[in-house]
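Enquirer: Structure file target_31.pdb (PDB, C-alpha atoms) right here:
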ATOM      1  CA  MET A   1      97.703  98.869 121.180
ATOM      2  CA  ALA A   2      99.219  95.441 121.058
ATOM      3  CA  GLY A   3      95.895  93.880 121.760
ATOM      4  CA  ASN A   4      94.264  95.710 118.929
ATOM      5  CA  ALA A   5      96.975  94.538 116.597
ATOM      6  CA  LEU A   6      96.364  90.887 117.449
ATOM      7  CA  ILE A   7      92.600  91.046 117.139
ATOM      8  CA  GLY A   8      92.684  92.363 113.557
ATOM      9  CA  ASP A   9      90.281  94.403 111.403
ATOM     10  CA  PRO A  10      86.850  92.778 111.024
ATOM     11  CA  ASN A  11      85.985  94.828 107.912
ATOM     12  CA  LYS A  12      89.025  93.532 106.096
ATOM     13  CA  ASP A  13      88.118  89.932 106.788
ATOM     14  CA  THR A  14      84.632  90.484 105.494
ATOM     15  CA  GLU A  15      85.988  91.999 102.274
ATOM     16  CA  ASP A  16      88.291  89.040 101.693
ATOM     17  CA  ALA A  17      85.466  86.600 102.193
ATOM     18  CA  SER A  18      83.300  88.496  99.731
ATOM     19  CA  GLU A  19      85.998  88.381  97.073
ATOM     20  CA  THR A  20      86.390  84.626  97.562
ATOM     21  CA  ASP A  21      82.705  84.027  97.191
ATOM     22  CA  LEU A  22      82.574  86.218  94.098
ATOM     23  CA  ALA A  23      85.408  84.323  92.463
ATOM     24  CA  LYS A  24      83.734  81.047  93.227
ATOM     25  CA  HIS A  25      80.475  82.348  91.883
ATOM     26  CA  ASP A  26      82.155  83.493  88.625
ATOM     27  CA  GLU A  27      83.759  80.125  88.194
ATOM     28  CA  ASP A  28      80.421  78.406  88.602
ATOM     29  CA  ASP A  29      78.855  80.764  86.070
ATOM     30  CA  TYR A  30      81.636  80.011  83.553
ATOM     31  CA  VAL A  31      81.195  76.288  83.961
ATOM     32  CA  GLU A  32      77.470  76.678  83.617
ATOM     33  CA  ILE A  33      77.838  78.790  80.486
ATOM     34  CA  LYS A  34      80.283  76.339  79.015
ATOM     35  CA  GLU A  35      77.905  73.463  79.772
ATOM     36  CA  GLN A  36      75.091  75.434  78.190
ATOM     37  CA  MET A  37      77.141  76.029  75.032
ATOM     38  CA  TYR A  38      77.944  72.343  74.820
ATOM     39  CA  GLN A  39      74.339  71.419  75.222
ATOM     40  CA  ASP A  40      73.312  73.964  72.589
ATOM     41  CA  LYS A  41      75.866  72.603  70.092
ATOM     42  CA  LEU A  42      74.841  69.037  70.830
ATOM     43  CA  ALA A  43      71.215  69.956  70.351
ATOM     44  CA  SER A  44      72.065  71.699  67.077
ATOM     45  CA  LEU A  45      73.932  68.648  65.795
ATOM     46  CA  LYS A  46      71.085  66.386  66.805
ATOM     47  CA  ARG A  47      68.640  68.698  65.055
ATOM     48  CA  GLN A  48      70.791  68.710  61.886
ATOM     49  CA  LEU A  49      71.049  64.922  62.035
ATOM     50  CA  THR A  50      67.285  64.656  62.262
ATOM     51  CA  GLN A  51      66.853  67.074  59.348
ATOM     52  CA  LEU A  52      69.418  65.081  57.339
ATOM     53  CA  GLN A  53      67.530  61.875  57.940
ATOM     54  CA  GLU A  54      64.292  63.581  56.955
ATOM     55  CA  GLY A  55      65.959  65.208  53.915
ATOM     56  CA  THR A  56      65.135  68.736  54.990
ATOM     57  CA  LEU A  57      68.658  69.868  55.857
ATOM     58  CA  GLN A  58      69.496  72.954  53.815
ATOM     59  CA  GLU A  59      73.104  71.957  53.113
ATOM     60  CA  TYR A  60      71.952  68.489  52.071
ATOM     61  CA  GLN A  61      69.326  69.932  49.749
ATOM     62  CA  LYS A  62      71.860  72.313  48.224
ATOM     63  CA  ARG A  63      74.339  69.548  47.468
ATOM     64  CA  MET A  64      71.607  67.197  46.244
ATOM     65  CA  LYS A  65      70.429  69.872  43.813
ATOM     66  CA  LYS A  66      73.935  70.172  42.407
ATOM     67  CA  LEU A  67      74.259  66.377  42.073
ATOM     68  CA  ASP A  68      70.862  66.204  40.377
ATOM     69  CA  GLN A  69      71.914  68.821  37.842
ATOM     70  CA  GLN A  70      75.106  66.900  37.081
ATOM     71  CA  TYR A  71      73.118  63.668  36.723
ATOM     72  CA  LYS A  72      70.576  65.221  34.347
ATOM     73  CA  GLU A  73      73.325  66.786  32.249
ATOM     74  CA  ARG A  74      75.127  63.490  31.944
ATOM     75  CA  VAL A  75      71.917  61.639  31.025
ATOM     76  CA  ARG A  76      71.091  64.302  28.406
ATOM     77  CA  ASN A  77      74.556  63.939  26.854
ATOM     78  CA  ALA A  78      74.161  60.160  26.808
ATOM     79  CA  ASP A  79      70.765  60.485  25.078
ATOM     80  CA  LEU A  80      72.217  62.840  22.474
ATOM     81  CA  PHE A  81      75.105  60.446  21.830
ATOM     82  CA  LEU A  82      72.655  57.540  21.509
ATOM     83  CA  GLN A  83      70.519  59.520  19.066
ATOM     84  CA  LEU A  84      73.508  60.469  16.922
ATOM     85  CA  GLU A  85      74.822  56.912  16.872
ATOM     86  CA  THR A  86      71.375  55.557  16.016
ATOM     87  CA  GLU A  87      70.965  58.014  13.132
ATOM     88  CA  GLN A  88      74.434  57.121  11.820
ATOM     89  CA  VAL A  89      73.667  53.406  11.989
ATOM     90  CA  GLU A  90      70.331  53.928  10.223
ATOM     91  CA  ARG A  91      72.021  55.949   7.472
ATOM     92  CA  ASN A  92      74.641  53.256   7.000
ATOM     93  CA  TYR A  93      71.931  50.589   6.943
ATOM     94  CA  ILE A  94      69.899  52.434   4.308
ATOM     95  CA  LYS A  95      73.026  53.051   2.228
ATOM     96  CA  GLU A  96      74.139  49.421   2.382
ATOM     97  CA  LYS A  97      70.616  48.204   1.634
ATOM     98  CA  LYS A  98      70.345  50.419  -1.457
ATOM     99  CA  ALA A  99      73.768  49.259  -2.643
ATOM    100  CA  ALA A 100      72.792  45.611  -2.125
ATOM    101  CA  VAL A 101      69.512  46.083  -4.004
ATOM    102  CA  LYS A 102      71.261  47.871  -6.883
ATOM    103  CA  GLU A 103      73.941  45.197  -7.116
ATOM    104  CA  PHE A 104      71.276  42.476  -7.058
ATOM    105  CA  ASP A 105      69.282  44.166  -9.835
ATOM    106  CA  ASP A 106      72.404  44.702 -11.951
ATOM    107  CA  LYS A 107      73.508  41.097 -11.488
ATOM    108  CA  LYS A 108      70.003  39.869 -12.311
ATOM    109  CA  VAL A 109      69.842  41.930 -15.511
ATOM    110  CA  GLU A 110      73.355  40.897 -16.499
ATOM    111  CA  LEU A 111      72.585  37.229 -15.844
ATOM    112  CA  LYS A 112      69.405  37.427 -17.897
ATOM    113  CA  GLU A 113      71.147  39.196 -20.778
ATOM    114  CA  ASN A 114      74.009  36.686 -20.754
ATOM    115  CA  LEU A 115      71.606  33.738 -20.797
ATOM    116  CA  ILE A 116      69.540  35.302 -23.590
ATOM    117  CA  ALA A 117      72.685  35.975 -25.610
ATOM    118  CA  GLU A 118      73.931  32.414 -25.087
ATOM    119  CA  LEU A 119      70.558  30.970 -26.100
ATOM    120  CA  GLU A 120      70.419  33.223 -29.168
ATOM    121  CA  GLU A 121      73.936  32.127 -30.106
ATOM    122  CA  LYS A 122      73.003  28.457 -29.705
ATOM    123  CA  LYS A 123      69.847  29.051 -31.736
ATOM    124  CA  LYS A 124      71.851  30.610 -34.559
ATOM    125  CA  MET A 125      74.336  27.737 -34.481
ATOM    126  CA  ILE A 126      71.505  25.183 -34.661
ATOM    127  CA  GLU A 127      69.849  27.074 -37.523
ATOM    128  CA  ASN A 128      73.166  27.264 -39.380
ATOM    129  CA  GLU A 129      73.755  23.551 -38.853
ATOM    130  CA  LYS A 130      70.243  22.774 -40.069
ATOM    131  CA  LEU A 131      70.704  25.003 -43.116
ATOM    132  CA  THR A 132      74.037  23.395 -43.873
ATOM    133  CA  MET A 133      72.591  19.912 -43.564
ATOM    134  CA  GLU A 134      69.644  20.782 -45.802
ATOM    135  CA  LEU A 135      71.777  22.370 -48.493
ATOM    136  CA  THR A 136      74.436  19.698 -48.274
ATOM    137  CA  GLY A 137      71.826  16.942 -48.458
ATOM    138  CA  ASP A 138      70.113  18.524 -51.480
ATOM    139  CA  SER A 139      73.360  19.086 -53.366
ATOM    140  CA  MET A 140      75.041  15.764 -52.538
ATOM    141  CA  GLU A 141      71.991  13.509 -52.910
ATOM    142  CA  VAL A 142      72.123  11.518 -56.111
ATOM    143  CA  LYS A 143      68.670  11.257 -57.627
ATOM    144  CA  PRO A 144      68.128   8.693 -60.355
ATOM    145  CA  ILE A 145      66.961  10.143 -63.640
ATOM    146  CA  MET A 146      64.139   8.219 -65.243
ATOM    147  CA  THR A 147      64.923   7.971 -68.959
ATOM    148  CA  ARG A 148      63.255   6.005 -71.676
ATOM    149  CA  LYS A 149      65.560   3.891 -73.753
ATOM    150  CA  LEU A 150      64.922   4.158 -77.478
ATOM    151  CA  ARG A 151      66.099   1.944 -80.261
ATOM    152  CA  ARG A 152      69.276   3.265 -81.778
ATOM    153  CA  ARG A 153      68.947   4.187 -85.395
ATOM    154  CA  PRO A 154      71.666   3.282 -87.855
ATOM    155  CA  ASN A 155      72.564   6.862 -88.725
ATOM    156  CA  ASP A 156      72.603   8.155 -85.120
ATOM    157  CA  PRO A 157      76.030   8.976 -83.693
ATOM    158  CA  VAL A 158      77.412   6.851 -80.959
ATOM    159  CA  PRO A 159      76.448   8.381 -77.628
ATOM    160  CA  ILE A 160      79.308   9.744 -75.594
ATOM    161  CA  PRO A 161      79.283   8.471 -72.044
ATOM    162  CA  ASP A 162      78.603  11.148 -69.431
ATOM    163  CA  LYS A 163      81.556  11.733 -67.180
ATOM    164  CA  ARG A 164      80.951  12.294 -63.509
ATOM    165  CA  ARG A 165      81.654  15.780 -62.355
ATOM    166  CA  LYS A 166      84.657  15.915 -60.094
ATOM    167  CA  PRO A 167      84.045  17.382 -56.620
ATOM    168  CA  LEU A 168      85.226  20.920 -56.092
ATOM    169  CA  ASN A 169      87.778  21.692 -53.451
ATOM    170  CA  TYR A 170      86.928  25.017 -51.826
ATOM    171  CA  LEU A 171      89.731  26.911 -50.167
ATOM    172  CA  LEU A 172      87.293  28.894 -48.051
ATOM    173  CA  THR A 173      86.871  29.452 -44.340
ATOM    174  CA  ASP A 174      83.896  28.117 -42.388
ATOM    175  CA  ASP A 175      82.285  31.570 -42.230
ATOM    176  CA  GLN A 176      82.634  32.039 -45.990
ATOM    177  CA  ILE A 177      81.128  28.610 -46.675
ATOM    178  CA  LEU A 178      78.161  29.375 -44.410
ATOM    179  CA  GLU A 179      77.646  32.721 -46.137
ATOM    180  CA  ASP A 180      77.689  31.044 -49.576
ATOM    181  CA  LEU A 181      75.225  28.438 -48.348
ATOM    182  CA  ARG A 182      72.876  31.192 -47.180
ATOM    183  CA  ILE A 183      73.053  32.824 -50.617
ATOM    184  CA  LEU A 184      72.309  29.519 -52.326
ATOM    185  CA  ASN A 185      69.387  28.870 -50.011
ATOM    186  CA  LYS A 186      67.868  32.284 -50.778
ATOM    187  CA  GLN A 187      68.227  31.741 -54.500
ATOM    188  CA  LEU A 188      66.738  28.262 -54.309
ATOM    189  CA  LYS A 189      63.728  29.518 -52.325
ATOM    190  CA  SER A 190      63.115  32.556 -54.563
ATOM    191  CA  PRO A 191      59.900  32.365 -56.699
ATOM    192  CA  LYS A 192      61.752  32.526 -60.006
ATOM    193  CA  ARG A 193      61.407  30.040 -62.783
ATOM    194  CA  PRO A 194      63.238  26.786 -62.164
ATOM    195  CA  VAL A 195      66.733  26.661 -63.459
ATOM    196  CA  SER A 196      67.849  23.580 -65.258
ATOM    197  CA  PRO A 197      70.932  21.961 -63.771
ATOM    198  CA  SER A 198      72.207  21.375 -67.291
ATOM    199  CA  SER A 199      72.592  25.101 -67.977
ATOM    200  CA  PRO A 200      75.791  26.206 -66.254
ATOM    201  CA  ASP A 201      75.232  29.815 -67.223
ATOM    202  CA  GLN A 202      72.169  29.969 -64.976
ATOM    203  CA  MET A 203      73.889  28.473 -61.917
ATOM    204  CA  PRO A 204      74.556  30.957 -59.082
ATOM    205  CA  THR A 205      78.161  31.925 -58.933
ATOM    206  CA  ILE A 206      79.995  31.601 -55.644
ATOM    207  CA  PRO A 207      82.056  34.711 -54.922
ATOM    208  CA  MET A 208      85.687  33.887 -54.419
ATOM    209  CA  GLU A 209      87.193  36.077 -51.732
ATOM    210  CA  ALA A 210      90.795  36.679 -51.053
ATOM    211  CA  PRO A 211      92.159  35.234 -47.819
ATOM    212  CA  SER A 212      91.061  37.510 -44.991
ATOM    213  CA  GLN A 213      93.606  39.561 -43.104
ATOM    214  CA  ARG A 214      94.605  38.241 -39.710
ATOM    215  CA  TYR A 215      94.504  40.631 -36.746
ATOM    216  CA  GLU A 216      96.216  40.304 -33.417
ATOM    217  CA  ALA A 217      93.615  40.104 -30.656
ATOM    218  CA  ARG A 218      93.909  38.895 -27.077
ATOM    219  CA  ILE A 219      92.491  39.629 -23.604
ATOM    220  CA  GLU A 220      94.708  40.327 -20.605
ATOM    221  CA  GLU A 221      93.661  41.492 -17.119
ATOM    222  CA  GLY A 222      90.175  42.526 -18.230
ATOM    223  CA  LYS A 223      91.430  44.554 -21.235
ATOM    224  CA  LEU A 224      91.330  43.848 -24.970
ATOM    225  CA  TYR A 225      94.519  44.163 -27.032
ATOM    226  CA  TYR A 226      93.528  44.535 -30.680
ATOM    227  CA  ASP A 227      95.542  45.788 -33.651
ATOM    228  CA  LYS A 228      98.338  47.221 -31.434
ATOM    229  CA  ARG A 229      95.882  49.146 -29.226
ATOM    230  CA  TRP A 230      94.365  48.530 -25.815
ATOM    231  CA  TYR A 231      90.600  48.750 -25.247
ATOM    232  CA  HIS A 232      88.835  48.713 -21.893
ATOM    233  CA  LYS A 233      85.296  48.603 -20.483
ATOM    234  CA  SER A 234      83.013  51.640 -21.181
ATOM    235  CA  GLN A 235      85.224  52.765 -24.083
ATOM    236  CA  ALA A 236      83.477  54.225 -27.142
ATOM    237  CA  ILE A 237      84.294  52.419 -30.416
ATOM    238  CA  HIS A 238      83.198  51.967 -34.036
ATOM    239  CA  LEU A 239      82.385  48.382 -35.005
ATOM    240  CA  GLU A 240      82.816  47.535 -38.693
ATOM    241  CA  SER A 241      81.630  44.261 -40.215
ATOM    242  CA  LYS A 242      82.607  42.587 -43.455
ATOM    243  CA  GLU A 243      79.422  43.992 -45.029
ATOM    244  CA  ASN A 244      81.059  47.453 -44.621
ATOM    245  CA  THR A 245      78.528  48.514 -41.998
ATOM    246  CA  LYS A 246      79.765  50.811 -39.249
ATOM    247  CA  ILE A 247      78.033  50.833 -35.851
ATOM    248  CA  SER A 248      78.721  53.148 -32.920
ATOM    249  CA  CYS A 249      79.090  51.068 -29.770
ATOM    250  CA  VAL A 250      80.400  51.084 -26.209
ATOM    251  CA  ILE A 251      82.293  48.148 -24.677
ATOM    252  CA  SER A 252      80.021  46.939 -21.854
ATOM    253  CA  SER A 253      82.184  44.068 -20.557
ATOM    254  CA  VAL A 254      85.364  42.122 -21.331
ATOM    255  CA  GLY A 255      85.280  38.363 -20.735
ATOM    256  CA  THR A 256      87.948  35.674 -21.105
ATOM    257  CA  ASN A 257      87.373  34.808 -24.756
ATOM    258  CA  GLU A 258      84.868  37.419 -25.891
ATOM    259  CA  ILE A 259      83.692  40.997 -25.420
ATOM    260  CA  TRP A 260      80.191  42.480 -25.131
ATOM    261  CA  VAL A 261      79.364  45.746 -26.866
ATOM    262  CA  ARG A 262      76.245  47.908 -26.557
ATOM    263  CA  LYS A 263      74.884  49.805 -29.542
ATOM    264  CA  THR A 264      74.387  53.504 -28.859
ATOM    265  CA  SER A 265      71.386  53.645 -31.197
ATOM    266  CA  ASP A 266      69.072  51.145 -29.465
ATOM    267  CA  SER A 267      71.174  49.905 -26.476
ATOM    268  CA  THR A 268      71.098  46.312 -27.722
ATOM    269  CA  LYS A 269      74.088  44.135 -26.862
ATOM    270  CA  MET A 270      76.275  41.975 -29.078
ATOM    271  CA  ARG A 271      78.863  39.354 -28.205
ATOM    272  CA  ILE A 272      82.032  39.266 -30.284
ATOM    273  CA  TYR A 273      84.551  36.448 -29.979
ATOM    274  CA  LEU A 274      88.316  36.813 -30.280
ATOM    275  CA  GLY A 275      88.275  34.478 -33.290
ATOM    276  CA  GLN A 276      85.968  36.848 -35.155
ATOM    277  CA  LEU A 277      88.296  39.765 -34.439
ATOM    278  CA  GLN A 278      91.346  37.745 -35.455
ATOM    279  CA  ARG A 279      89.721  36.665 -38.761
ATOM    280  CA  GLY A 280      88.566  40.194 -39.522
ATOM    281  CA  ALA A 281      84.859  39.382 -39.365
ATOM    282  CA  PHE A 282      84.578  42.472 -37.175
ATOM    283  CA  ILE A 283      86.961  45.438 -37.018
ATOM    284  CA  ILE A 284      87.198  47.773 -34.036
ATOM    285  CA  ARG A 285      88.116  51.444 -34.372
ATOM    286  CA  ARG A 286      88.380  54.018 -31.621
ATOM    287  CA  ARG A 287      85.964  56.930 -31.573
ATOM    288  CA  SER A 288      85.367  60.015 -29.483
ATOM    289  CA  ALA A 289      83.154  59.541 -26.411
ATOM    290  CA  ALA A 290      81.099  62.607 -27.426
TER     291      ALA A 290
END
Mind turning the file's structure into structure tokens?
Expert:
Amino acid sequence: MAGNALIGDPNKDTEDASETDLAKHDEDDYVEIKEQMYQDKLASLKRQLTQLQEGTLQEYQKRMKKLDQQYKERVRNADLFLQLETEQVERNYIKEKKAAVKEFDDKKVELKENLIAELEEKKKMIENEKLTMELTGDSMEVKPIMTRKLRRRPNDPVPIPDKRRKPLNYLLTDDQILEDLRILNKQLKSPKRPVSPSSPDQMPTIPMEAPSQRYEARIEEGKLYYDKRWYHKSQAIHLESKENTKISCVISSVGTNEIWVRKTSDSTKMRIYLGQLQRGAFIIRRRSAA
């Protein structure tokens, strides 16, 4: 019995050895599986890297599509902004160009009208000076009278020496003198029978006018102050002259020493100086714009 106990059970030893081998085999399988998984993952990563380099990776294509959409949207917005800005700049350019052309045309017309008015005024002054010189030369020139001396008879009365006519002193203004000279010139050029200088009844009479009324007129800050009223550009007025003519006008501009008015009937322009308003050569009245 003791001997059997020492020898042991051979079946039991065989079973233990089998379990050891099985455990070792399982451990080898686990390591092998783990190695296989590692290799599979490494191969997958290498495959994805190759696809990424070739541009065929699905995740890469998905993200690239999203980036491309964002890029196109941003470019489209930039193009729209550029188009809007370009249209705005073109509109501003056209507007400024039209304004510049209009201002140039207005300035050109105004310059031409001012020069024409100045030349017309100078022409009238020269004509008035010429008329004055002609009339003054004709009236002041002393022409010798050719007379035949006859023998004095005993019964003839003693001739009375002719006294020189004293010069007249006119208390008239320059405008009134020029107006009288115009009247004289018309009468002298009229085709009537000649009038003898010795007949005073046939001499043209010079109308004597009362001293004209003085009006207060001045220009301040582009406005006209006349007869206790203020007048400005584009205001509708009545213009009365000393010939009692009334004209409907509009003030077109106010200068430093004169104003320009435009007739509503034919749109012609007239220049009126402050001196003429102060002397009463022209009278301004307000009127309704209608």
Enquirer: Please provide as a VMD selection string all residues within 6 Å of Ser253 of chain A, with the sequence filter that same-chain residues fewer than 6 positions apart are discarded (counting all atoms listed in the file).
Expert: chain A and resid 233 259 to 260
Enquirer: For Ala117 of chain A, which residue out of A:Phe282, A:Gln276, A:Met270, A:Ile219 is the nearest one, using only C-alpha atoms?
Expert: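 Ranked by minimum distance to Ala117 of chain A, first place goes to A:Met270.
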Enquirer: What does the distance between atom CA of Lys228 of chain A and atom CA of Asn244 of chain A come to in Å, to one decimal place?
Expert: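 We find that atom CA of Lys228 of chain A and atom CA of Asn244 of chain A lie 21.7 Å from each other.
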Enquirer: Would you please work out which residue, of A:Tyr231, A:Gln83, A:Thr20, A:Gln70, is nearest to Arg218 of chain A when using only C-alpha atoms?
Expert: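 The shortest atom-to-atom distance to Arg218 of chain A comes from A:Tyr231.
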Enquirer: Quote the spacing between atom CA of Glu220 of chain A and atom CA of Thr256 of chain A in Å to one decimal place.
Expert: 8.2 Å
Enquirer: Given the PyMOL selection byres ((chain A and resi 234) around 8) and the file above, list the residues it selects as an NGL selection string.
Expert: :A and (232-233 or 235-236 or 250-253)
Enquirer: Looking at all atoms listed in the file, which of A:Asp227, A:Glu110, A:Glu85, A:Glu221 is the one that sits closest to Asn257 of chain A?
Expert: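 Under the stated criterion, the closest residue is A:Glu221.
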Enquirer: Generate the missing atoms of segment 26-43 of chain A up to N, CA and C atoms and report them as a JSON list (two decimals), keeping the file's coordinate frame.
Expert:
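Written output follows (out-v7.json):
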[["chain", "number", "residue", "atom", "x", "y", "z"],
["A", 26, "ASP", "N", 81.78, 83.29, 90.03],
["A", 26, "ASP", "CA", 82.16, 83.49, 88.62],
["A", 26, "ASP", "C", 82.59, 82.18, 87.98],
["A", 27, "GLU", "N", 83.30, 81.42, 88.74],
["A", 27, "GLU", "CA", 83.76, 80.12, 88.19],
["A", 27, "GLU", "C", 82.57, 79.21, 87.93],
["A", 28, "ASP", "N", 81.61, 79.23, 88.82],
["A", 28, "ASP", "CA", 80.42, 78.41, 88.60],
["A", 28, "ASP", "C", 79.64, 78.88, 87.38],
["A", 29, "ASP", "N", 79.56, 80.23, 87.25],
["A", 29, "ASP", "CA", 78.86, 80.76, 86.07],
["A", 29, "ASP", "C", 79.56, 80.36, 84.77],
["A", 30, "TYR", "N", 80.86, 80.37, 84.76],
["A", 30, "TYR", "CA", 81.64, 80.01, 83.55],
["A", 30, "TYR", "C", 81.40, 78.55, 83.17],
["A", 31, "VAL", "N", 81.43, 77.72, 84.21],
["A", 31, "VAL", "CA", 81.19, 76.29, 83.96],
["A", 31, "VAL", "C", 79.77, 76.08, 83.43],
["A", 32, "GLU", "N", 78.86, 76.82, 84.03],
["A", 32, "GLU", "CA", 77.47, 76.68, 83.62],
["A", 32, "GLU", "C", 77.28, 77.16, 82.17],
["A", 33, "ILE", "N", 77.94, 78.25, 81.86],
["A", 33, "ILE", "CA", 77.84, 78.79, 80.49],
["A", 33, "ILE", "C", 78.47, 77.80, 79.49],
["A", 34, "LYS", "N", 79.60, 77.29, 79.88],
["A", 34, "LYS", "CA", 80.28, 76.34, 79.02],
["A", 34, "LYS", "C", 79.42, 75.10, 78.80],
["A", 35, "GLU", "N", 78.78, 74.62, 79.88],
["A", 35, "GLU", "CA", 77.90, 73.46, 79.77],
["A", 35, "GLU", "C", 76.71, 73.78, 78.87],
["A", 36, "GLN", "N", 76.22, 75.03, 79.01],
["A", 36, "GLN", "CA", 75.09, 75.43, 78.19],
["A", 36, "GLN", "C", 75.47, 75.47, 76.71],
["A", 37, "MET", "N", 76.66, 75.98, 76.42],
["A", 37, "MET", "CA", 77.14, 76.03, 75.03],
["A", 37, "MET", "C", 77.29, 74.61, 74.46],
["A", 38, "TYR", "N", 77.78, 73.73, 75.28],
["A", 38, "TYR", "CA", 77.94, 72.34, 74.82],
["A", 38, "TYR", "C", 76.59, 71.71, 74.51],
["A", 39, "GLN", "N", 75.66, 71.97, 75.41],
["A", 39, "GLN", "CA", 74.34, 71.42, 75.22],
["A", 39, "GLN", "C", 73.67, 72.00, 73.97],
["A", 40, "ASP", "N", 73.89, 73.34, 73.78],
["A", 40, "ASP", "CA", 73.31, 73.96, 72.59],
["A", 40, "ASP", "C", 73.91, 73.37, 71.30],
["A", 41, "LYS", "N", 75.23, 73.20, 71.28],
["A", 41, "LYS", "CA", 75.87, 72.60, 70.09],
["A", 41, "LYS", "C", 75.39, 71.18, 69.86],
["A", 42, "LEU", "N", 75.30, 70.42, 70.97],
["A", 42, "LEU", "CA", 74.84, 69.04, 70.83],
["A", 42, "LEU", "C", 73.41, 69.00, 70.31],
["A", 43, "ALA", "N", 72.59, 69.90, 70.83],
["A", 43, "ALA", "CA", 71.22, 69.96, 70.35],
["A", 43, "ALA", "C", 71.15, 70.35, 68.87]]
